[in-house]
$ cat my_file_37.tsv   # TSV, C-alpha atoms
chain	number	residue	atom	x	y	z
V	1	MET	CA	-21.77	134.84	-7.10
V	2	THR	CA	-18.09	135.29	-6.74
V	3	ASN	CA	-15.86	133.33	-4.49
V	4	ASN	CA	-12.39	132.11	-5.24
V	5	LEU	CA	-12.83	128.63	-3.84
V	6	GLN	CA	-11.69	125.98	-6.26
V	7	PHE	CA	-14.36	123.95	-8.04
V	8	ASP	CA	-13.48	121.36	-10.67
V	9	PHE	CA	-15.98	119.10	-12.36
V	10	THR	CA	-15.20	116.60	-15.08
V	11	VAL	CA	-17.28	113.84	-16.62
V	12	ASP	CA	-15.74	110.80	-18.21
V	13	LYS	CA	-18.65	109.32	-20.13
V	14	ALA	CA	-16.71	106.28	-21.32
V	15	ALA	CA	-15.61	105.40	-17.78
V	16	LYS	CA	-19.07	106.41	-16.43
V	17	THR	CA	-17.31	108.51	-13.84
V	18	VAL	CA	-17.70	112.04	-12.55
V	19	HIS	CA	-14.80	113.74	-10.76
V	20	ILE	CA	-15.41	116.71	-8.52
V	21	THR	CA	-12.97	118.77	-6.49
V	22	ARG	CA	-14.19	121.52	-4.21
V	23	GLU	CA	-12.38	123.66	-1.70
V	24	PHE	CA	-14.08	124.91	1.49
V	25	ASP	CA	-13.07	127.77	3.72
V	26	ALA	CA	-13.15	125.80	6.97
V	27	ASP	CA	-10.92	123.36	8.80
V	28	LEU	CA	-11.01	119.69	8.02
V	29	SER	CA	-12.90	118.46	11.07
V	30	LEU	CA	-15.75	120.88	10.44
V	31	VAL	CA	-16.02	119.94	6.76
V	32	TRP	CA	-15.84	116.25	7.68
V	33	ASP	CA	-18.75	116.77	10.08
V	34	ALA	CA	-20.70	118.61	7.39
V	35	PHE	CA	-20.49	115.54	5.13
V	36	THR	CA	-20.99	112.88	7.79
V	37	LYS	CA	-23.54	114.22	10.28
V	38	ALA	CA	-27.22	114.14	9.41
V	39	GLU	CA	-28.13	117.37	11.16
V	40	ILE	CA	-25.58	119.31	9.08
V	41	LEU	CA	-26.18	117.40	5.84
V	42	ASP	CA	-29.86	118.25	6.03
V	43	GLN	CA	-28.97	121.93	6.02
V	44	TRP	CA	-27.25	121.93	2.66
V	45	VAL	CA	-27.75	118.88	0.41
V	46	ALA	CA	-31.14	119.85	-0.95
V	47	PRO	CA	-31.25	122.73	-3.43
V	48	LYS	CA	-33.76	125.20	-1.99
V	49	PRO	CA	-36.73	125.26	-1.87
V	50	PHE	CA	-36.24	121.51	-1.57
V	51	VAL	CA	-35.55	120.35	1.97
V	52	ALA	CA	-33.55	117.28	2.97
V	53	LYS	CA	-34.98	115.17	5.78
V	54	THR	CA	-32.91	112.32	7.17
V	55	LYS	CA	-35.05	109.54	8.58
V	56	PHE	CA	-32.04	107.68	9.93
V	57	MET	CA	-28.30	107.79	9.50
V	58	ASP	CA	-25.89	105.28	10.94
V	59	PHE	CA	-22.45	106.50	9.93
V	60	LYS	CA	-20.38	103.35	10.31
V	61	VAL	CA	-19.15	100.69	7.90
V	62	GLY	CA	-22.22	98.77	6.77
V	63	GLY	CA	-24.50	101.45	8.23
V	64	ARG	CA	-27.09	103.28	6.16
V	65	ARG	CA	-28.59	106.68	5.66
V	66	PHE	CA	-32.17	106.99	4.49
V	67	TYR	CA	-33.36	110.45	3.59
V	68	ALA	CA	-35.85	112.35	1.49
V	69	MET	CA	-35.66	115.39	-0.71
V	70	VAL	CA	-38.95	117.12	-0.02
V	71	GLY	CA	-40.29	119.55	-2.59
V	72	PRO	CA	-42.32	122.67	-1.85
V	73	ASP	CA	-45.44	120.70	-2.84
V	74	GLY	CA	-44.60	118.08	-0.22
V	75	GLN	CA	-43.50	115.53	-2.79
V	76	GLU	CA	-40.79	113.23	-1.45
V	77	GLY	CA	-37.89	111.67	-3.35
V	78	TRP	CA	-36.14	109.06	-1.24
V	79	LEU	CA	-32.47	108.10	-1.32
V	80	LEU	CA	-30.72	105.25	0.38
V	81	GLN	CA	-26.99	105.22	1.08
V	82	LYS	CA	-24.80	102.51	2.51
V	83	TYR	CA	-21.35	103.16	3.94
V	84	ILE	CA	-18.75	100.86	2.45
V	85	SER	CA	-15.61	102.10	4.17
V	86	ILE	CA	-14.66	104.91	6.54
V	87	THR	CA	-11.25	106.32	7.41
V	88	PRO	CA	-12.07	109.11	9.87
V	89	LYS	CA	-11.33	112.62	8.61
V	90	THR	CA	-9.67	111.23	5.49
V	91	ASN	CA	-11.99	109.19	3.31
V	92	PHE	CA	-15.31	107.47	3.13
V	93	LYS	CA	-17.03	105.46	0.43
V	94	MET	CA	-20.71	104.87	0.03
V	95	PHE	CA	-23.20	103.28	-2.29
V	96	ASN	CA	-26.04	105.60	-3.26
V	97	ALA	CA	-29.37	104.66	-4.81
V	98	PHE	CA	-32.79	106.15	-5.34
V	99	ALA	CA	-35.37	104.35	-3.24
V	100	ASP	CA	-39.05	104.16	-2.52
V	101	LYS	CA	-40.54	105.29	0.80
V	102	ASP	CA	-40.14	101.77	2.19
V	103	GLU	CA	-36.36	101.72	1.87
V	104	ASN	CA	-36.32	99.57	-1.26
V	105	PRO	CA	-33.42	100.77	-3.43
V	106	GLN	CA	-33.94	101.25	-7.17
V	107	LEU	CA	-30.89	99.64	-8.67
V	108	PRO	CA	-28.50	100.25	-10.23
V	109	GLY	CA	-27.02	102.84	-7.96
V	110	SER	CA	-23.71	104.66	-7.90
V	111	ASP	CA	-20.51	104.52	-5.86
V	112	TRP	CA	-19.32	107.71	-4.21
V	113	ASP	CA	-15.79	108.14	-2.92
V	114	TYR	CA	-14.97	111.20	-0.78
V	115	THR	CA	-11.42	112.20	0.12
V	116	PHE	CA	-10.68	115.08	2.51
V	117	SER	CA	-7.43	117.00	2.94
V	118	GLU	CA	-6.52	120.28	4.58
V	119	GLN	CA	-4.24	122.94	3.19
V	120	ASP	CA	-3.59	126.40	4.64
V	121	GLY	CA	-6.72	126.27	6.78
V	122	LYS	CA	-8.87	125.29	3.83
V	123	THR	CA	-10.29	121.86	3.19
V	124	ILE	CA	-10.26	120.18	-0.19
V	125	VAL	CA	-12.89	117.54	-0.87
V	126	ARG	CA	-12.38	115.23	-3.83
V	127	ILE	CA	-15.40	113.24	-4.94
V	128	THR	CA	-15.48	110.45	-7.48
V	129	ILE	CA	-18.86	109.13	-8.58
V	130	TYR	CA	-18.91	105.88	-10.45
V	131	ASN	CA	-22.16	104.72	-12.01
V	132	GLU	CA	-22.59	101.08	-12.78
V	133	SER	CA	-24.79	102.01	-15.69
V	134	VAL	CA	-24.84	105.02	-17.93
V	135	ALA	CA	-28.59	105.00	-17.49
V	136	ARG	CA	-28.08	105.75	-13.81
V	137	LEU	CA	-25.76	108.61	-14.62
V	138	GLU	CA	-28.44	109.86	-16.93
V	139	LYS	CA	-31.06	109.69	-14.19
V	140	MET	CA	-28.84	111.61	-11.85
V	141	ILE	CA	-28.45	114.29	-14.47
V	142	GLU	CA	-32.11	114.18	-15.33
V	143	MET	CA	-33.01	115.10	-11.76
V	144	GLY	CA	-30.95	118.18	-12.22
V	145	PHE	CA	-32.43	118.86	-15.59
V	146	THR	CA	-36.05	118.86	-14.50
V	147	GLU	CA	-35.94	120.80	-11.25
V	148	GLY	CA	-32.41	121.79	-10.61
V	149	TYR	CA	-31.97	124.64	-12.98
V	150	LYS	CA	-34.81	126.84	-11.87
V	151	MET	CA	-34.27	125.83	-8.26
V	152	SER	CA	-30.63	126.72	-8.36
V	153	MET	CA	-31.47	130.12	-9.81
V	154	ILE	CA	-33.99	130.83	-7.05
V	155	ASN	CA	-31.53	129.60	-4.51
V	156	LEU	CA	-28.79	131.80	-5.86
V	157	GLU	CA	-31.04	134.79	-5.45
V	158	ASN	CA	-31.78	133.81	-1.86
V	159	LEU	CA	-28.11	133.36	-1.14
V	160	LEU	CA	-27.27	136.73	-2.58
V	161	ALA	CA	-30.08	138.29	-0.58
V	162	SER	CA	-28.93	136.65	2.64
V	163	ARG	CA	-25.38	137.81	1.98
V	164	SER	CA	-26.39	141.39	1.67
V	165	SER	CA	-28.68	141.28	4.68
V	166	GLY	CA	-26.41	139.28	6.98
V	167	LEU	CA	-26.14	135.55	7.38
V	168	SER	CA	-28.10	134.95	10.52
V	169	LYS	CA	-31.59	134.56	9.02
V	170	ARG	CA	-31.27	130.86	8.46
S	1	MET	CA	-47.78	111.82	-43.07
S	2	GLU	CA	-45.46	112.74	-40.26
S	3	THR	CA	-43.81	115.99	-39.50
S	4	ARG	CA	-40.31	115.78	-38.21
S	5	ARG	CA	-40.12	115.60	-34.46
S	6	ASP	CA	-38.05	118.05	-32.52
S	7	VAL	CA	-35.15	117.47	-30.19
S	8	PHE	CA	-37.16	118.36	-27.13
S	9	GLN	CA	-39.68	115.68	-27.85
S	10	ALA	CA	-36.83	113.24	-28.26
S	11	ILE	CA	-35.28	114.00	-24.92
S	12	ALA	CA	-38.60	114.24	-23.10
S	13	ASP	CA	-38.52	110.48	-22.61
S	14	PRO	CA	-36.19	108.99	-19.97
S	15	THR	CA	-35.52	105.83	-21.99
S	16	ARG	CA	-34.46	107.86	-25.00
S	17	ARG	CA	-32.15	109.97	-22.87
S	18	ALA	CA	-30.63	106.79	-21.51
S	19	ILE	CA	-30.18	105.40	-25.03
S	20	LEU	CA	-28.41	108.57	-26.05
S	21	LEU	CA	-26.02	108.40	-23.15
S	22	LEU	CA	-25.32	104.74	-23.80
S	23	ILE	CA	-24.45	105.22	-27.44
S	24	ALA	CA	-22.55	108.38	-26.60
S	25	ALA	CA	-20.04	106.12	-24.87
S	26	GLN	CA	-19.87	103.63	-27.74
S	27	ALA	CA	-21.73	102.61	-30.88
S	28	MET	CA	-24.16	99.79	-30.11
S	29	THR	CA	-26.25	97.22	-31.95
S	30	PRO	CA	-30.04	97.10	-31.42
S	31	ASN	CA	-29.68	93.87	-29.42
S	32	ALA	CA	-26.99	95.23	-27.15
S	33	LEU	CA	-29.16	98.27	-26.52
S	34	ALA	CA	-32.27	96.22	-25.77
S	35	GLU	CA	-30.30	94.23	-23.20
S	36	GLU	CA	-29.60	97.43	-21.27
S	37	PHE	CA	-33.29	98.03	-20.72
S	38	GLN	CA	-35.96	95.84	-19.26
S	39	THR	CA	-38.03	96.17	-22.35
S	40	SER	CA	-38.53	94.53	-25.72
S	41	ARG	CA	-36.36	95.08	-28.73
S	42	GLN	CA	-39.42	96.49	-30.48
S	43	ALA	CA	-39.82	99.15	-27.81
S	44	VAL	CA	-36.18	100.12	-28.10
S	45	SER	CA	-36.51	100.22	-31.91
S	46	LYS	CA	-39.39	102.65	-31.57
S	47	HIS	CA	-37.29	104.98	-29.46
S	48	ILE	CA	-34.39	104.65	-31.89
S	49	LYS	CA	-36.69	105.57	-34.74
S	50	ILE	CA	-37.71	108.79	-33.01
S	51	LEU	CA	-34.12	109.61	-32.16
S	52	THR	CA	-33.12	109.01	-35.78
S	53	GLU	CA	-35.89	111.29	-37.02
S	54	CYS	CA	-34.60	113.99	-34.74
S	55	GLU	CA	-31.11	113.46	-36.12
S	56	LEU	CA	-29.74	112.60	-32.71
S	57	VAL	CA	-28.78	109.12	-33.83
S	58	LYS	CA	-27.17	107.79	-36.98
S	59	GLN	CA	-26.98	104.18	-38.04
S	60	GLU	CA	-24.15	102.42	-39.74
S	61	GLN	CA	-24.08	98.98	-41.35
S	62	ARG	CA	-21.06	96.89	-40.34
S	63	GLY	CA	-21.24	93.51	-42.01
S	64	ARG	CA	-24.57	92.05	-40.97
S	65	GLU	CA	-24.95	94.24	-37.91
S	66	ILE	CA	-26.42	97.69	-37.58
S	67	TYR	CA	-24.66	100.02	-35.16
S	68	TYR	CA	-26.21	103.15	-33.71
S	69	HIS	CA	-24.04	106.21	-33.21
S	70	ILE	CA	-24.63	109.49	-31.53
S	71	HIS	CA	-24.96	112.35	-33.98
S	72	ALA	CA	-22.05	114.47	-32.85
S	73	THR	CA	-23.49	117.88	-33.65
S	74	LYS	CA	-26.53	117.15	-31.50
S	75	MET	CA	-24.40	116.11	-28.55
S	76	LYS	CA	-24.73	119.58	-27.10
S	77	GLU	CA	-28.01	118.52	-25.50
S	78	ILE	CA	-26.27	115.89	-23.43
S	79	ASP	CA	-23.62	118.34	-22.43
S	80	LYS	CA	-26.46	120.54	-21.28
S	81	TRP	CA	-27.70	117.84	-18.90
S	82	ILE	CA	-24.24	117.40	-17.51
S	83	GLU	CA	-24.10	121.14	-17.04
S	84	GLN	CA	-27.33	120.90	-15.02
S	85	PHE	CA	-25.83	118.31	-12.71
S	86	LYS	CA	-22.82	120.53	-12.26
S	87	LYS	CA	-25.14	123.42	-11.37
S	88	ILE	CA	-26.86	121.31	-8.70
S	89	LEU	CA	-23.52	120.50	-7.14
S	90	GLU	CA	-22.52	124.15	-7.24
S	91	THR	CA	-25.77	125.03	-5.52
S	92	GLN	CA	-25.24	122.40	-2.83
S	93	PHE	CA	-21.69	123.51	-2.20
S	94	ASN	CA	-22.64	127.16	-2.06
S	95	GLN	CA	-25.22	126.21	0.55
S	96	LEU	CA	-22.54	124.29	2.41
S	97	ASP	CA	-20.32	127.39	2.34
S	98	GLU	CA	-23.08	129.26	4.15
S	99	VAL	CA	-23.57	126.46	6.68
S	100	LEU	CA	-19.84	126.24	7.36
S	101	SER	CA	-19.61	129.96	7.84
S	102	THR	CA	-22.49	129.83	10.35
S	103	LEU	CA	-20.92	126.89	12.20
S	104	LYS	CA	-17.57	128.66	12.38
S	105	LYS	CA	-19.24	131.66	14.00
S	106	LEU	CA	-21.00	129.44	16.53
S	107	LYS	CA	-17.71	127.84	17.51
S	108	LYS	CA	-16.07	131.16	18.33
$ encode --input "my_file_37.tsv" --output "structure tokens"
Amino acid sequence: MTNNLQFDFTVDKAAKTVHITREFDADLSLVWDAFTKAEILDQWVAPKPFVAKTKFMDFKVGGRRFYAMVGPDGQEGWLLQKYISITPKTNFKMFNAFADKDENPQLPGSDWDYTFSEQDGKTIVRITIYNESVARLEKMIEMGFTEGYKMSMINLENLLASRSSGLSKR
Amino acid sequence: METRRDVFQAIADPTRRAILLLIAAQAMTPNALAEEFQTSRQAVSKHIKILTECELVKQEQRGREIYYHIHATKMKEIDKWIEQFKKILETQFNQLDEVLSTLKKLKK
């Protein structure tokens, strides 16, 4: 798939940190909404055919989001996030952890820091993920390793198909 | 008699993958490693043994302590996992591109 939107990804294993920069072809307020509103998040955070289902999301400092990644077999993987700080349309920080279905987080988790800026009608999102343990970083990667690869390939095919047949069949 | 285990068997276990990532950051003693996991030193030693047999881990004697190192040439496997995580993010963001494009059309 070819687009010329910037995507940078670096991993600093010693600092247990992942840095991501991604550009989006939309104005800042729309991109901000896409990262901070449950109904939009649920449309994109799960790699297809996984589906994201937010049980609740309270986007305010100290508020939480509890959501599941649901597989095609109905299997649910729960995640719990807590918002640490919010500067509207500029930055938010959250703590992210895997959880069981009863909202009990599986520690350790990771800290996610999102910074938004707009340039020439495009929005740049910078994400820093800090893991308190390398084991957690490993688990995050492991999730990708087990399901992500084949899922992302299927998804890519779907995306390409939807591009060629128009975008409206969502 | 034991045949040598392969790399895929080594990385099939989550604890062993975690050990690899830990010692990728810095060489560690068996005790320091055991402290990272809620398990016995014996259990960690067992994993280390398998990793050593697969040549993913090397040990080095420093004074009285043994330190475990990552075997650099086998590091590619870890890079592969990181690549997978990157792929997931790419997938998510490509999906977001589609969502944004739909939302932009709705706004107009």
$ closest_residue --input "my_file_37.tsv" --among "S:Ile70, S:Met28, S:Leu56, S:Ala18" --to "chain V" --atoms "all atoms listed in the file"
S:Ala18
$ closest_residue --input "my_file_37.tsv" --among "S:Lys87, S:Arg16, S:Lys108, S:Lys58" --to "Lys46 of chain S" --atoms "all atoms listed in the file"
S:Arg16
$ interface_residues --input "my_file_37.tsv" --of "chain S" --to "chain V" --cutoff "6 Å" --atoms "only C-alpha atoms" --output "number ranges by chain"
S: 18, 22, 25, 81, 84-85, 88, 91-92, 95-96
$ atom_distance --input "my_file_37.tsv" --atom1 "atom CA of His47 of chain S" --atom2 "atom CA of Tyr68 of chain S"
12.0 Å
$ closest_residue --input "my_file_37.tsv" --among "S:Glu60, S:Val99, S:Ile48, S:Cys54" --to "Ala34 of chain S" --atoms "all atoms listed in the file"
S:Ile48
$ closest_residue --input "my_file_37.tsv" --among "S:Gln42, S:Ala27, S:Phe37, S:Lys86" --to "Gln59 of chain S" --atoms "all atoms listed in the file"
S:Ala27
$ closest_residue --input "my_file_37.tsv" --among "V:Tyr67, V:Thr90, V:Arg126, V:Val51" --to "Gln6 of chain V" --atoms "all atoms listed in the file"
V:Arg126
$ atom_distance --input "my_file_37.tsv" --atom1 "atom CA of Lys60 of chain V" --atom2 "atom CA of Asp113 of chain V"
14.8 Å
$ atom_distance --input "my_file_37.tsv" --atom1 "atom CA of Gly71 of chain V" --atom2 "atom CA of Pro108 of chain V"
23.9 Å
$ residues_near_point --input "my_file_37.tsv" --point "(-29.8, 98.1, -32.2)" --cutoff "7 Å" --atoms "all atoms listed in the file" --output "list in words"
Met28, Thr29, Pro30, Asn31, Ala32, Leu33, Ile66, Tyr67 and Tyr68 of chain S
$ residues_around --input "my_file_37.tsv" --residues "segment 73-82 of chain V" --least-positions-apart "4" --cutoff "7 Å" --atoms "all atoms listed in the file" --output "count of residues only"
18
$ residues_near_point --input "my_file_37.tsv" --point "(-16.5, 102.9, 2.3)" --cutoff "7 Å" --atoms "all atoms listed in the file" --output "VMD selection string"
chain V and resid 61 83 to 86 92 to 94
$ closest_residue --input "my_file_37.tsv" --among "V:Asn131, V:Pro88, V:Thr17, V:Val125" --to "Gly109 of chain V" --atoms "all atoms listed in the file"
V:Asn131
